[in-house]
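Engineer: Dropping the structure in here first, questions after.
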Amino acid sequence: DAKTTQPNSMESNEEEPVHLPCNHSTISGTDYIHWYRQLPSQGPEYVIHGLTSNVNNRMASLAIAEDRKSSTLILHRATLRDAAVYYCILRDNVGSGAGSYQLTFGKGTKLSVIP
Amino acid sequence: SQTIHQWPATLVQPVGSPLSLECTVEGTSNPNLYWYRQAAGRGLQLLFYSVGIGQISSEVPQNLSASRPQDRQFILSSKKLLLSDSGFYLCAWSASLTGARQPQHFGDGTRLSIL
């Protein structure tokens, strides 16, 4: 999976919107952009994914740049429960074999939410 | 909706003892199933994945084994635990659609400590 770059940490006030950036300048045409988060002592949680168009679900929105070299995860109103490490990863939706199943997280962005 | 159950949440075992961790998925049929291990402060290591009953692929040679006796049941076992088997074990599932890069959904994990 291609490489992504995220800030190490970010802070947000509770009930404010949060924009978590991710750069992926080497993205290929078949790479989907996936976001996961992991709260302390819990398993990772899938958040959202997209290919070219912006995506919305009950958890968040994903804004994808026109050239697809960057994307932003948007939490519309941060709550204390959103404090977690957020991972942006690229997943090639073609190909098969063992390597295609492995989820590889980078260091992610540690989001702190201030009450 | 789909749910994944993994138990126990924590486990303390002596070196050389056997292990059995169980994972079940509800609300979906023929899911892909995964066992990961996450060492403290590190990324995910895919241990096993399964695309169907009785079909197990192993990613890392070790003294662990996995079995899938039923469509939505995945078991991680060991005959004799080593100190190096300590870690956070995560079960996950994904839809078995074409395109290996389906989102994966994780259980709450089992924290295994070997004494």
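Residue names in the structure tokens use chain letters A, B, ... in the order shown, residue numbers from 1 in each chain, and ligand numbers from 1 in the order shown.
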Please find the residues of chain B near chain A - the criterion being any atom within 9 Å, counting only C-alpha atoms - and write them as a ChimeraX atom specification.
Structural biologist: /B:34,42-46,49,57-59,88-91,98-109,111
Engineer: So that I have them on file, write out the residues from the current selection with N, CA, C and O atoms, as an mmCIF file, in the first residue's frame.
Structural biologist:
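Result went into part33.cif, see below:
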```cif
data_model
loop_
_atom_site.group_PDB
_atom_site.id
_atom_site.type_symbol
_atom_site.label_atom_id
_atom_site.label_comp_id
_atom_site.auth_asym_id
_atom_site.auth_seq_id
_atom_site.Cartn_x
_atom_site.Cartn_y
_atom_site.Cartn_z
ATOM 1 N N TYR B 34 -10.109 -12.578 10.207
ATOM 2 C CA TYR B 34 -8.688 -12.277 10.412
ATOM 3 C C TYR B 34 -8.329 -12.377 11.897
ATOM 4 O O TYR B 34 -9.134 -12.032 12.759
ATOM 5 N N ARG B 42 2.985 -0.523 18.708
ATOM 6 C CA ARG B 42 3.396 -0.927 17.359
ATOM 7 C C ARG B 42 2.172 -1.182 16.492
ATOM 8 O O ARG B 42 1.035 -1.107 16.938
ATOM 9 N N GLY B 43 2.422 -1.490 15.230
ATOM 10 C CA GLY B 43 1.336 -1.678 14.281
ATOM 11 C C GLY B 43 0.727 -3.053 14.376
ATOM 12 O O GLY B 43 1.021 -3.854 15.261
ATOM 13 N N LEU B 44 -0.150 -3.325 13.436
ATOM 14 C CA LEU B 44 -0.853 -4.601 13.389
ATOM 15 C C LEU B 44 -0.040 -5.633 12.614
ATOM 16 O O LEU B 44 0.489 -5.338 11.549
ATOM 17 N N GLN B 45 0.005 -6.834 13.141
ATOM 18 C CA GLN B 45 0.651 -7.944 12.451
ATOM 19 C C GLN B 45 -0.418 -8.968 12.124
ATOM 20 O O GLN B 45 -1.050 -9.529 13.034
ATOM 21 N N LEU B 46 -0.643 -9.211 10.839
ATOM 22 C CA LEU B 46 -1.633 -10.201 10.430
ATOM 23 C C LEU B 46 -1.082 -11.588 10.687
ATOM 24 O O LEU B 46 -0.021 -11.953 10.176
ATOM 25 N N TYR B 49 -5.648 -15.399 8.118
ATOM 26 C CA TYR B 49 -6.905 -14.950 7.553
ATOM 27 C C TYR B 49 -7.594 -16.145 6.913
ATOM 28 O O TYR B 49 -6.961 -17.142 6.568
ATOM 29 N N SER B 57 -5.156 -19.216 5.977
ATOM 30 C CA SER B 57 -3.852 -18.818 5.457
ATOM 31 C C SER B 57 -3.056 -18.211 6.597
ATOM 32 O O SER B 57 -3.564 -17.377 7.344
ATOM 33 N N SER B 58 -1.822 -18.666 6.723
ATOM 34 C CA SER B 58 -0.956 -18.197 7.800
ATOM 35 C C SER B 58 0.073 -17.230 7.235
ATOM 36 O O SER B 58 0.680 -17.505 6.205
ATOM 37 N N GLU B 59 0.230 -16.102 7.911
ATOM 38 C CA GLU B 59 1.153 -15.093 7.439
ATOM 39 C C GLU B 59 2.517 -15.157 8.125
ATOM 40 O O GLU B 59 3.504 -14.737 7.549
ATOM 41 N N PHE B 88 -1.678 -7.991 22.274
ATOM 42 C CA PHE B 88 -3.088 -7.636 22.117
ATOM 43 C C PHE B 88 -3.569 -8.324 20.850
ATOM 44 O O PHE B 88 -3.116 -8.010 19.749
ATOM 45 N N TYR B 89 -4.488 -9.273 20.987
ATOM 46 C CA TYR B 89 -4.952 -10.070 19.863
ATOM 47 C C TYR B 89 -6.308 -9.557 19.397
ATOM 48 O O TYR B 89 -7.234 -9.388 20.189
ATOM 49 N N LEU B 90 -6.400 -9.333 18.115
ATOM 50 C CA LEU B 90 -7.593 -8.743 17.533
ATOM 51 C C LEU B 90 -8.150 -9.645 16.450
ATOM 52 O O LEU B 90 -7.418 -10.127 15.587
ATOM 53 N N CYS B 91 -9.443 -9.846 16.507
ATOM 54 C CA CYS B 91 -10.169 -10.545 15.457
ATOM 55 C C CYS B 91 -10.892 -9.500 14.609
ATOM 56 O O CYS B 91 -11.345 -8.474 15.146
ATOM 57 N N THR B 98 -15.605 -9.040 -4.126
ATOM 58 C CA THR B 98 -14.388 -8.960 -4.927
ATOM 59 C C THR B 98 -13.694 -7.644 -4.639
ATOM 60 O O THR B 98 -14.324 -6.637 -4.366
ATOM 61 N N GLY B 99 -12.399 -7.662 -4.694
ATOM 62 C CA GLY B 99 -11.640 -6.492 -4.255
ATOM 63 C C GLY B 99 -11.225 -6.749 -2.820
ATOM 64 O O GLY B 99 -12.021 -6.639 -1.898
ATOM 65 N N ALA B 100 -9.975 -7.126 -2.640
ATOM 66 C CA ALA B 100 -9.529 -7.560 -1.311
ATOM 67 C C ALA B 100 -9.509 -6.428 -0.311
ATOM 68 O O ALA B 100 -9.366 -6.659 0.869
ATOM 69 N N ARG B 101 -9.682 -5.206 -0.742
ATOM 70 C CA ARG B 101 -9.460 -4.093 0.172
ATOM 71 C C ARG B 101 -10.750 -3.621 0.821
ATOM 72 O O ARG B 101 -10.957 -2.445 1.011
ATOM 73 N N GLN B 102 -11.614 -4.574 1.168
ATOM 74 C CA GLN B 102 -12.835 -4.182 1.874
ATOM 75 C C GLN B 102 -12.492 -3.686 3.268
ATOM 76 O O GLN B 102 -11.530 -4.149 3.880
ATOM 77 N N PRO B 103 -13.271 -2.748 3.822
ATOM 78 C CA PRO B 103 -13.018 -2.314 5.205
ATOM 79 C C PRO B 103 -13.073 -3.499 6.151
ATOM 80 O O PRO B 103 -13.876 -4.414 5.981
ATOM 81 N N GLN B 104 -12.207 -3.490 7.135
ATOM 82 C CA GLN B 104 -12.192 -4.527 8.146
ATOM 83 C C GLN B 104 -12.762 -3.976 9.446
ATOM 84 O O GLN B 104 -12.496 -2.835 9.821
ATOM 85 N N HIS B 105 -13.530 -4.820 10.122
ATOM 86 C CA HIS B 105 -14.216 -4.424 11.347
ATOM 87 C C HIS B 105 -13.710 -5.295 12.483
ATOM 88 O O HIS B 105 -13.774 -6.518 12.395
ATOM 89 N N PHE B 106 -13.252 -4.641 13.529
ATOM 90 C CA PHE B 106 -12.513 -5.332 14.584
ATOM 91 C C PHE B 106 -13.353 -5.582 15.828
ATOM 92 O O PHE B 106 -14.265 -4.811 16.162
ATOM 93 N N GLY B 107 -12.982 -6.643 16.527
ATOM 94 C CA GLY B 107 -13.510 -6.880 17.859
ATOM 95 C C GLY B 107 -12.781 -6.019 18.872
ATOM 96 O O GLY B 107 -11.894 -5.232 18.523
ATOM 97 N N ASP B 108 -13.151 -6.189 20.134
ATOM 98 C CA ASP B 108 -12.563 -5.372 21.196
ATOM 99 C C ASP B 108 -11.191 -5.869 21.639
ATOM 100 O O ASP B 108 -10.518 -5.199 22.421
ATOM 101 N N GLY B 109 -10.780 -7.030 21.160
ATOM 102 C CA GLY B 109 -9.445 -7.512 21.443
ATOM 103 C C GLY B 109 -9.336 -8.303 22.727
ATOM 104 O O GLY B 109 -10.163 -8.201 23.638
ATOM 105 N N ARG B 111 -6.347 -9.010 25.589
ATOM 106 C CA ARG B 111 -4.987 -8.691 26.052
ATOM 107 C C ARG B 111 -4.432 -9.922 26.754
ATOM 108 O O ARG B 111 -4.932 -10.319 27.810
#
```
Engineer: Fewer than 5 positions away in the same chain doesn't count, so skip those; otherwise give me all residues within 7 Å of region 17-27 of chain A, counting only C-alpha atoms, as a PyMOL selection string.
Structural biologist: chain A and resi 2-6+12+69-78+88
Engineer: Go ahead and save the residues from that selection, with N, CA, C and O atoms, as a JSON list (two decimals), in the first residue's frame.
Structural biologist:
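Okay, this is what ended up in selection_29.json:
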```json
[["chain", "number", "residue", "atom", "x", "y", "z"],
["A", 2, "ALA", "N", 0.46, 2.27, -0.75],
["A", 2, "ALA", "CA", 1.25, 3.47, -0.86],
["A", 2, "ALA", "C", 1.30, 4.22, 0.46],
["A", 2, "ALA", "O", 0.47, 4.04, 1.33],
["A", 3, "LYS", "N", 2.29, 5.13, 0.56],
["A", 3, "LYS", "CA", 2.57, 5.78, 1.83],
["A", 3, "LYS", "C", 1.69, 7.01, 2.04],
["A", 3, "LYS", "O", 1.33, 7.69, 1.08],
["A", 4, "THR", "N", 1.37, 7.28, 3.27],
["A", 4, "THR", "CA", 0.63, 8.49, 3.65],
["A", 4, "THR", "C", 1.41, 9.25, 4.71],
["A", 4, "THR", "O", 2.21, 8.66, 5.44],
["A", 5, "THR", "N", 1.15, 10.55, 4.80],
["A", 5, "THR", "CA", 1.79, 11.40, 5.81],
["A", 5, "THR", "C", 0.72, 12.14, 6.57],
["A", 5, "THR", "O", -0.16, 12.78, 5.96],
["A", 6, "GLN", "N", 0.79, 12.04, 7.91],
["A", 6, "GLN", "CA", -0.18, 12.71, 8.78],
["A", 6, "GLN", "C", 0.56, 13.45, 9.89],
["A", 6, "GLN", "O", 1.65, 13.03, 10.29],
["A", 12, "SER", "N", -8.37, 19.58, 19.64],
["A", 12, "SER", "CA", -9.62, 20.22, 19.28],
["A", 12, "SER", "C", -10.42, 20.47, 20.55],
["A", 12, "SER", "O", -10.33, 19.71, 21.51],
["A", 69, "LYS", "N", -4.18, 13.81, -4.21],
["A", 69, "LYS", "CA", -2.91, 13.70, -3.50],
["A", 69, "LYS", "C", -3.04, 14.05, -2.03],
["A", 69, "LYS", "O", -2.07, 13.98, -1.27],
["A", 70, "SER", "N", -4.20, 14.45, -1.62],
["A", 70, "SER", "CA", -4.44, 14.68, -0.20],
["A", 70, "SER", "C", -5.92, 14.47, 0.10],
["A", 70, "SER", "O", -6.77, 14.47, -0.80],
["A", 71, "SER", "N", -6.20, 14.29, 1.37],
["A", 71, "SER", "CA", -7.60, 14.15, 1.79],
["A", 71, "SER", "C", -7.72, 14.66, 3.22],
["A", 71, "SER", "O", -6.70, 14.84, 3.92],
["A", 72, "THR", "N", -8.94, 14.90, 3.64],
["A", 72, "THR", "CA", -9.20, 15.41, 4.98],
["A", 72, "THR", "C", -10.37, 14.68, 5.59],
["A", 72, "THR", "O", -11.44, 14.58, 4.97],
["A", 73, "LEU", "N", -10.15, 14.15, 6.77],
["A", 73, "LEU", "CA", -11.24, 13.56, 7.54],
["A", 73, "LEU", "C", -11.86, 14.65, 8.39],
["A", 73, "LEU", "O", -11.15, 15.36, 9.11],
["A", 74, "ILE", "N", -13.17, 14.78, 8.31],
["A", 74, "ILE", "CA", -13.85, 15.84, 9.03],
["A", 74, "ILE", "C", -14.80, 15.23, 10.06],
["A", 74, "ILE", "O", -15.69, 14.46, 9.72],
["A", 75, "LEU", "N", -14.54, 15.57, 11.31],
["A", 75, "LEU", "CA", -15.48, 15.26, 12.38],
["A", 75, "LEU", "C", -16.25, 16.53, 12.64],
["A", 75, "LEU", "O", -15.67, 17.55, 13.00],
["A", 76, "HIS", "N", -17.55, 16.50, 12.49],
["A", 76, "HIS", "CA", -18.32, 17.74, 12.47],
["A", 76, "HIS", "C", -18.44, 18.38, 13.84],
["A", 76, "HIS", "O", -18.45, 19.61, 13.96],
["A", 77, "ARG", "N", -18.52, 17.55, 14.88],
["A", 77, "ARG", "CA", -18.56, 18.07, 16.25],
["A", 77, "ARG", "C", -17.79, 17.11, 17.13],
["A", 77, "ARG", "O", -18.28, 16.03, 17.44],
["A", 78, "ALA", "N", -16.60, 17.48, 17.51],
["A", 78, "ALA", "CA", -15.76, 16.57, 18.29],
["A", 78, "ALA", "C", -16.36, 16.36, 19.68],
["A", 78, "ALA", "O", -16.83, 17.30, 20.33],
["A", 88, "CYS", "N", -4.80, 7.15, 8.38],
["A", 88, "CYS", "CA", -5.16, 7.28, 6.98],
["A", 88, "CYS", "C", -4.32, 6.28, 6.20],
["A", 88, "CYS", "O", -3.09, 6.29, 6.31]]
```
Engineer: Env of Arg72 (chain B): 10 Å cut, atoms = only C-alpha atoms, seq-sep filter 3 positions within chain, self excluded. Answer as JSON, numbers by chain.
Structural biologist: {"B": [4, 23, 24, 25, 26, 27, 28, 29, 30, 31, 32, 33, 52, 53, 68, 69, 93]}
Engineer: Please produce a file of those selected residues containing all heavy atoms, as a tab-separated table (two decimals), in the first residue's frame.
Structural biologist:
```
chain	number	residue	atom	x	y	z
B	4	ILE	N	-19.34	-8.23	15.98
B	4	ILE	CA	-18.25	-9.19	16.17
B	4	ILE	C	-17.98	-9.30	17.66
B	4	ILE	O	-17.93	-8.29	18.37
B	4	ILE	CB	-16.99	-8.76	15.39
B	4	ILE	CG1	-15.85	-9.76	15.60
B	4	ILE	CG2	-16.56	-7.33	15.71
B	4	ILE	CD1	-14.68	-9.56	14.64
B	23	CYS	N	-13.73	-16.08	18.41
B	23	CYS	CA	-14.30	-14.90	17.76
B	23	CYS	C	-15.51	-15.34	16.95
B	23	CYS	O	-15.44	-16.35	16.22
B	23	CYS	CB	-13.25	-14.28	16.86
B	23	CYS	SG	-13.82	-12.93	15.82
B	24	THR	N	-16.61	-14.64	17.11
B	24	THR	CA	-17.79	-14.94	16.31
B	24	THR	C	-18.34	-13.65	15.70
B	24	THR	O	-18.24	-12.57	16.30
B	24	THR	CB	-18.89	-15.63	17.12
B	24	THR	OG1	-19.27	-14.78	18.20
B	24	THR	CG2	-18.43	-16.96	17.67
B	25	VAL	N	-18.92	-13.79	14.53
B	25	VAL	CA	-19.50	-12.66	13.81
B	25	VAL	C	-20.98	-12.94	13.62
B	25	VAL	O	-21.37	-14.08	13.34
B	25	VAL	CB	-18.80	-12.46	12.45
B	25	VAL	CG1	-19.42	-11.28	11.71
B	25	VAL	CG2	-17.32	-12.24	12.65
B	26	GLU	N	-21.79	-11.92	13.77
B	26	GLU	CA	-23.23	-12.06	13.55
B	26	GLU	C	-23.69	-11.06	12.50
B	26	GLU	O	-23.10	-9.99	12.36
B	26	GLU	CB	-23.98	-11.82	14.86
B	26	GLU	CG	-23.69	-12.86	15.93
B	26	GLU	CD	-24.40	-12.56	17.25
B	26	GLU	OE1	-25.09	-11.52	17.31
B	26	GLU	OE2	-24.24	-13.34	18.20
B	27	GLY	N	-24.74	-11.42	11.79
B	27	GLY	CA	-25.36	-10.47	10.88
B	27	GLY	C	-24.78	-10.44	9.48
B	27	GLY	O	-25.11	-9.55	8.70
B	28	THR	N	-23.93	-11.41	9.14
B	28	THR	CA	-23.37	-11.48	7.80
B	28	THR	C	-23.06	-12.93	7.49
B	28	THR	O	-22.90	-13.75	8.39
B	28	THR	CB	-22.11	-10.60	7.67
B	28	THR	OG1	-21.68	-10.58	6.31
B	28	THR	CG2	-20.97	-11.14	8.53
B	29	SER	N	-22.96	-13.24	6.21
B	29	SER	CA	-22.64	-14.60	5.79
B	29	SER	C	-21.34	-14.62	5.02
B	29	SER	O	-21.01	-13.68	4.30
B	29	SER	CB	-23.77	-15.15	4.90
B	29	SER	OG	-24.97	-15.25	5.62
B	30	ASN	N	-20.61	-15.73	5.18
B	30	ASN	CA	-19.37	-15.95	4.45
B	30	ASN	C	-18.40	-14.76	4.54
B	30	ASN	O	-17.88	-14.30	3.53
B	30	ASN	CB	-19.65	-16.27	2.98
B	30	ASN	CG	-18.44	-16.86	2.29
B	30	ASN	OD1	-17.63	-17.55	2.91
B	30	ASN	ND2	-18.27	-16.56	1.02
B	31	PRO	N	-18.17	-14.27	5.75
B	31	PRO	CA	-17.22	-13.15	5.85
B	31	PRO	C	-15.78	-13.64	5.70
B	31	PRO	O	-15.49	-14.82	5.91
B	31	PRO	CB	-17.45	-12.65	7.27
B	31	PRO	CG	-17.84	-13.87	8.03
B	31	PRO	CD	-18.66	-14.70	7.06
B	32	ASN	N	-14.89	-12.72	5.32
B	32	ASN	CA	-13.46	-12.98	5.51
B	32	ASN	C	-13.16	-12.72	6.99
B	32	ASN	O	-13.67	-11.76	7.56
B	32	ASN	CB	-12.62	-12.05	4.64
B	32	ASN	CG	-12.78	-12.32	3.16
B	32	ASN	OD1	-13.13	-13.43	2.75
B	32	ASN	ND2	-12.55	-11.31	2.35
B	33	LEU	N	-12.34	-13.57	7.58
B	33	LEU	CA	-12.02	-13.43	9.00
B	33	LEU	C	-10.51	-13.32	9.18
B	33	LEU	O	-9.73	-13.90	8.41
B	33	LEU	CB	-12.56	-14.62	9.79
B	33	LEU	CG	-14.09	-14.78	9.79
B	33	LEU	CD1	-14.50	-16.09	10.44
B	33	LEU	CD2	-14.74	-13.61	10.51
B	52	GLY	N	-13.07	-18.76	3.98
B	52	GLY	CA	-14.18	-19.71	4.03
B	52	GLY	C	-13.93	-20.78	5.08
B	52	GLY	O	-12.83	-20.90	5.62
B	53	ILE	N	-14.96	-21.58	5.34
B	53	ILE	CA	-14.86	-22.65	6.35
B	53	ILE	C	-13.70	-23.57	5.99
B	53	ILE	O	-13.58	-24.03	4.84
B	53	ILE	CB	-16.17	-23.45	6.42
B	53	ILE	CG1	-17.30	-22.56	6.92
B	53	ILE	CG2	-16.01	-24.66	7.36
B	53	ILE	CD1	-18.66	-23.24	6.89
B	68	ARG	N	-11.39	-22.52	11.56
B	68	ARG	CA	-12.70	-21.93	11.25
B	68	ARG	C	-13.69	-23.09	11.11
B	68	ARG	O	-13.97	-23.54	10.00
B	68	ARG	CB	-12.63	-21.10	9.98
B	68	ARG	CG	-13.93	-20.36	9.67
B	68	ARG	CD	-13.72	-19.38	8.55
B	68	ARG	NE	-14.96	-18.70	8.18
B	68	ARG	CZ	-15.03	-17.71	7.30
B	68	ARG	NH1	-13.91	-17.28	6.70
B	68	ARG	NH2	-16.19	-17.16	7.01
B	69	PRO	N	-14.20	-23.55	12.23
B	69	PRO	CA	-15.10	-24.71	12.18
B	69	PRO	C	-16.49	-24.38	11.64
B	69	PRO	O	-17.18	-25.29	11.15
B	69	PRO	CB	-15.18	-25.15	13.65
B	69	PRO	CG	-14.86	-23.92	14.42
B	69	PRO	CD	-13.89	-23.14	13.59
B	93	TRP	N	-13.38	-8.89	10.76
B	93	TRP	CA	-14.08	-9.47	9.62
B	93	TRP	C	-14.22	-8.43	8.52
B	93	TRP	O	-14.15	-7.23	8.76
B	93	TRP	CB	-15.46	-10.00	10.02
B	93	TRP	CG	-16.48	-8.92	10.27
B	93	TRP	CD1	-16.72	-8.28	11.45
B	93	TRP	CD2	-17.39	-8.36	9.31
B	93	TRP	NE1	-17.72	-7.35	11.29
B	93	TRP	CE2	-18.15	-7.38	10.00
B	93	TRP	CE3	-17.63	-8.59	7.96
B	93	TRP	CZ2	-19.15	-6.62	9.36
B	93	TRP	CZ3	-18.61	-7.84	7.33
B	93	TRP	CH2	-19.36	-6.87	8.03
```
Engineer: Enumerate, as a PyMOL selection string, the complete set of residues in chain B that a backbone-based DSSP assignment places in strand (DSSP E or B).
Structural biologist: chain B and resi 3-7+10-13+19-26+32-38+44-52+55-58+64-70+73-78+87-94+105-106+110-114
Engineer: How would the residues just picked look written out with C-alpha atoms as an mmCIF file, in the first residue's frame?
Structural biologist:
```cif
data_model
loop_
_atom_site.group_PDB
_atom_site.id
_atom_site.type_symbol
_atom_site.label_atom_id
_atom_site.label_comp_id
_atom_site.auth_asym_id
_atom_site.auth_seq_id
_atom_site.Cartn_x
_atom_site.Cartn_y
_atom_site.Cartn_z
ATOM 1 C CA THR B 3 -21.458 -7.455 15.194
ATOM 2 C CA ILE B 4 -18.249 -9.186 16.171
ATOM 3 C CA HIS B 5 -17.654 -10.784 19.548
ATOM 4 C CA GLN B 6 -14.259 -11.695 20.884
ATOM 5 C CA TRP B 7 -13.460 -13.206 24.244
ATOM 6 C CA THR B 10 -8.012 -10.256 29.208
ATOM 7 C CA LEU B 11 -6.118 -13.445 29.868
ATOM 8 C CA VAL B 12 -3.108 -14.325 31.988
ATOM 9 C CA GLN B 13 -1.488 -17.642 31.179
ATOM 10 C CA LEU B 19 -4.502 -21.157 24.443
ATOM 11 C CA SER B 20 -7.885 -20.834 22.832
ATOM 12 C CA LEU B 21 -9.339 -17.470 21.801
ATOM 13 C CA GLU B 22 -12.715 -17.381 20.138
ATOM 14 C CA CYS B 23 -14.301 -14.905 17.763
ATOM 15 C CA THR B 24 -17.787 -14.937 16.306
ATOM 16 C CA VAL B 25 -19.496 -12.663 13.814
ATOM 17 C CA GLU B 26 -23.229 -12.063 13.546
ATOM 18 C CA ASN B 32 -13.461 -12.980 5.505
ATOM 19 C CA LEU B 33 -12.019 -13.428 8.998
ATOM 20 C CA TYR B 34 -8.688 -12.277 10.412
ATOM 21 C CA TRP B 35 -6.493 -12.672 13.479
ATOM 22 C CA TYR B 36 -4.033 -9.852 14.180
ATOM 23 C CA ARG B 37 -1.557 -9.232 16.982
ATOM 24 C CA GLN B 38 -0.621 -5.723 18.094
ATOM 25 C CA LEU B 44 -0.853 -4.601 13.389
ATOM 26 C CA GLN B 45 0.651 -7.944 12.451
ATOM 27 C CA LEU B 46 -1.633 -10.201 10.430
ATOM 28 C CA LEU B 47 -1.372 -13.720 11.813
ATOM 29 C CA PHE B 48 -4.080 -15.628 9.935
ATOM 30 C CA TYR B 49 -6.905 -14.950 7.553
ATOM 31 C CA SER B 50 -9.719 -17.111 6.237
ATOM 32 C CA VAL B 51 -11.944 -16.727 3.206
ATOM 33 C CA GLY B 52 -14.181 -19.707 4.029
ATOM 34 C CA GLN B 55 -9.632 -22.334 4.693
ATOM 35 C CA ILE B 56 -6.820 -20.806 6.733
ATOM 36 C CA SER B 57 -3.852 -18.818 5.457
ATOM 37 C CA SER B 58 -0.956 -18.197 7.800
ATOM 38 C CA LEU B 64 -0.046 -20.399 16.944
ATOM 39 C CA SER B 65 -2.743 -21.970 14.788
ATOM 40 C CA ALA B 66 -6.201 -20.952 13.651
ATOM 41 C CA SER B 67 -9.334 -22.826 12.751
ATOM 42 C CA ARG B 68 -12.699 -21.935 11.251
ATOM 43 C CA PRO B 69 -15.098 -24.707 12.183
ATOM 44 C CA GLN B 70 -18.188 -22.698 11.224
ATOM 45 C CA GLN B 73 -16.499 -18.634 13.994
ATOM 46 C CA PHE B 74 -12.744 -18.157 14.093
ATOM 47 C CA ILE B 75 -10.501 -19.667 16.754
ATOM 48 C CA LEU B 76 -6.889 -18.895 17.618
ATOM 49 C CA SER B 77 -5.019 -21.652 19.443
ATOM 50 C CA SER B 78 -1.680 -22.691 20.778
ATOM 51 C CA GLY B 87 0.230 -9.043 23.173
ATOM 52 C CA PHE B 88 -3.088 -7.636 22.117
ATOM 53 C CA TYR B 89 -4.952 -10.070 19.863
ATOM 54 C CA LEU B 90 -7.593 -8.743 17.533
ATOM 55 C CA CYS B 91 -10.169 -10.545 15.457
ATOM 56 C CA ALA B 92 -11.669 -8.793 12.450
ATOM 57 C CA TRP B 93 -14.077 -9.468 9.624
ATOM 58 C CA SER B 94 -14.723 -8.021 6.178
ATOM 59 C CA HIS B 105 -14.216 -4.424 11.347
ATOM 60 C CA PHE B 106 -12.513 -5.332 14.584
ATOM 61 C CA THR B 110 -7.931 -9.882 23.993
ATOM 62 C CA ARG B 111 -4.987 -8.691 26.052
ATOM 63 C CA LEU B 112 -2.848 -11.769 26.639
ATOM 64 C CA SER B 113 -0.120 -11.782 29.267
ATOM 65 C CA ILE B 114 2.240 -14.722 29.579
#
```
Engineer: Of the candidates A:Met10, A:Ala63, A:Arg81, A:Asn57, which shows the shortest atom-to-atom distance to Gly108 (chain A), using only C-alpha atoms?
Structural biologist: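 Of A:Met10, A:Ala63, A:Arg81, A:Asn57, the one nearest Gly108 (chain A), counting only C-alpha atoms, is A:Met10.
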Engineer: Got a sec to tell me which of chain A DSSP assigns to helix (DSSP H, G or I), as a list in words?
Structural biologist: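 Answer for chain A, restricted to helix (DSSP H, G or I): Leu80, Arg81, Asp82, Ala98, Gly99 and Ser100 of chain A.
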Engineer: May I have the selected residues written with N, CA and C atoms, as a PDB file, in the first residue's frame?
Structural biologist:
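File selection_22.pdb, as written:
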```pdb
ATOM      1  N   LEU A  80     -15.632  13.991  23.456  1.00  0.00           N
ATOM      2  CA  LEU A  80     -14.530  13.378  24.198  1.00  0.00           C
ATOM      3  C   LEU A  80     -14.284  11.954  23.717  1.00  0.00           C
ATOM      4  N   ARG A  81     -15.338  11.302  23.228  1.00  0.00           N
ATOM      5  CA  ARG A  81     -15.199   9.938  22.733  1.00  0.00           C
ATOM      6  C   ARG A  81     -14.454   9.854  21.414  1.00  0.00           C
ATOM      7  N   ASP A  82     -14.228  11.002  20.779  1.00  0.00           N
ATOM      8  CA  ASP A  82     -13.476  11.005  19.520  1.00  0.00           C
ATOM      9  C   ASP A  82     -11.970  11.071  19.742  1.00  0.00           C
ATOM     10  N   ALA A  98      -2.020 -12.789  -0.301  1.00  0.00           N
ATOM     11  CA  ALA A  98      -1.964 -12.535   1.133  1.00  0.00           C
ATOM     12  C   ALA A  98      -1.745 -11.061   1.454  1.00  0.00           C
ATOM     13  N   GLY A  99      -0.870 -10.416   0.714  1.00  0.00           N
ATOM     14  CA  GLY A  99      -0.552  -9.030   1.042  1.00  0.00           C
ATOM     15  C   GLY A  99      -1.729  -8.096   0.928  1.00  0.00           C
ATOM     16  N   SER A 100      -2.708  -8.483   0.129  1.00  0.00           N
ATOM     17  CA  SER A 100      -3.844  -7.601  -0.060  1.00  0.00           C
ATOM     18  C   SER A 100      -4.760  -7.568   1.157  1.00  0.00           C
TER      19      SER A 100
END
```
Engineer: Could you work out how far CA of Asp67 (chain A) lies from CA of Thr30 (chain A), giving the answer in Å with one decimal?
Structural biologist: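 The value is 13.4 Å.
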Engineer: List as a list of chain:residue names the protein and nucleic acid residues near Ser53 (chain A), meaning an atom at most 10 Å away when only C-alpha atoms are counted, but skip any in the same chain fewer than 3 places from it.
Structural biologist: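 Residues meeting the cut-off are A:Gly50, A:Asn56, A:Leu62, A:Ala63, A:Ile64, A:Ala65, A:Glu66, A:Arg68.
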Engineer: Quick one, how far is CA of Lys110 (chain A) from CA of Pro40 (chain A)?
Structural biologist: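 One can read the CA of Lys110 (chain A) to CA of Pro40 (chain A) distance as 10.7 Å.
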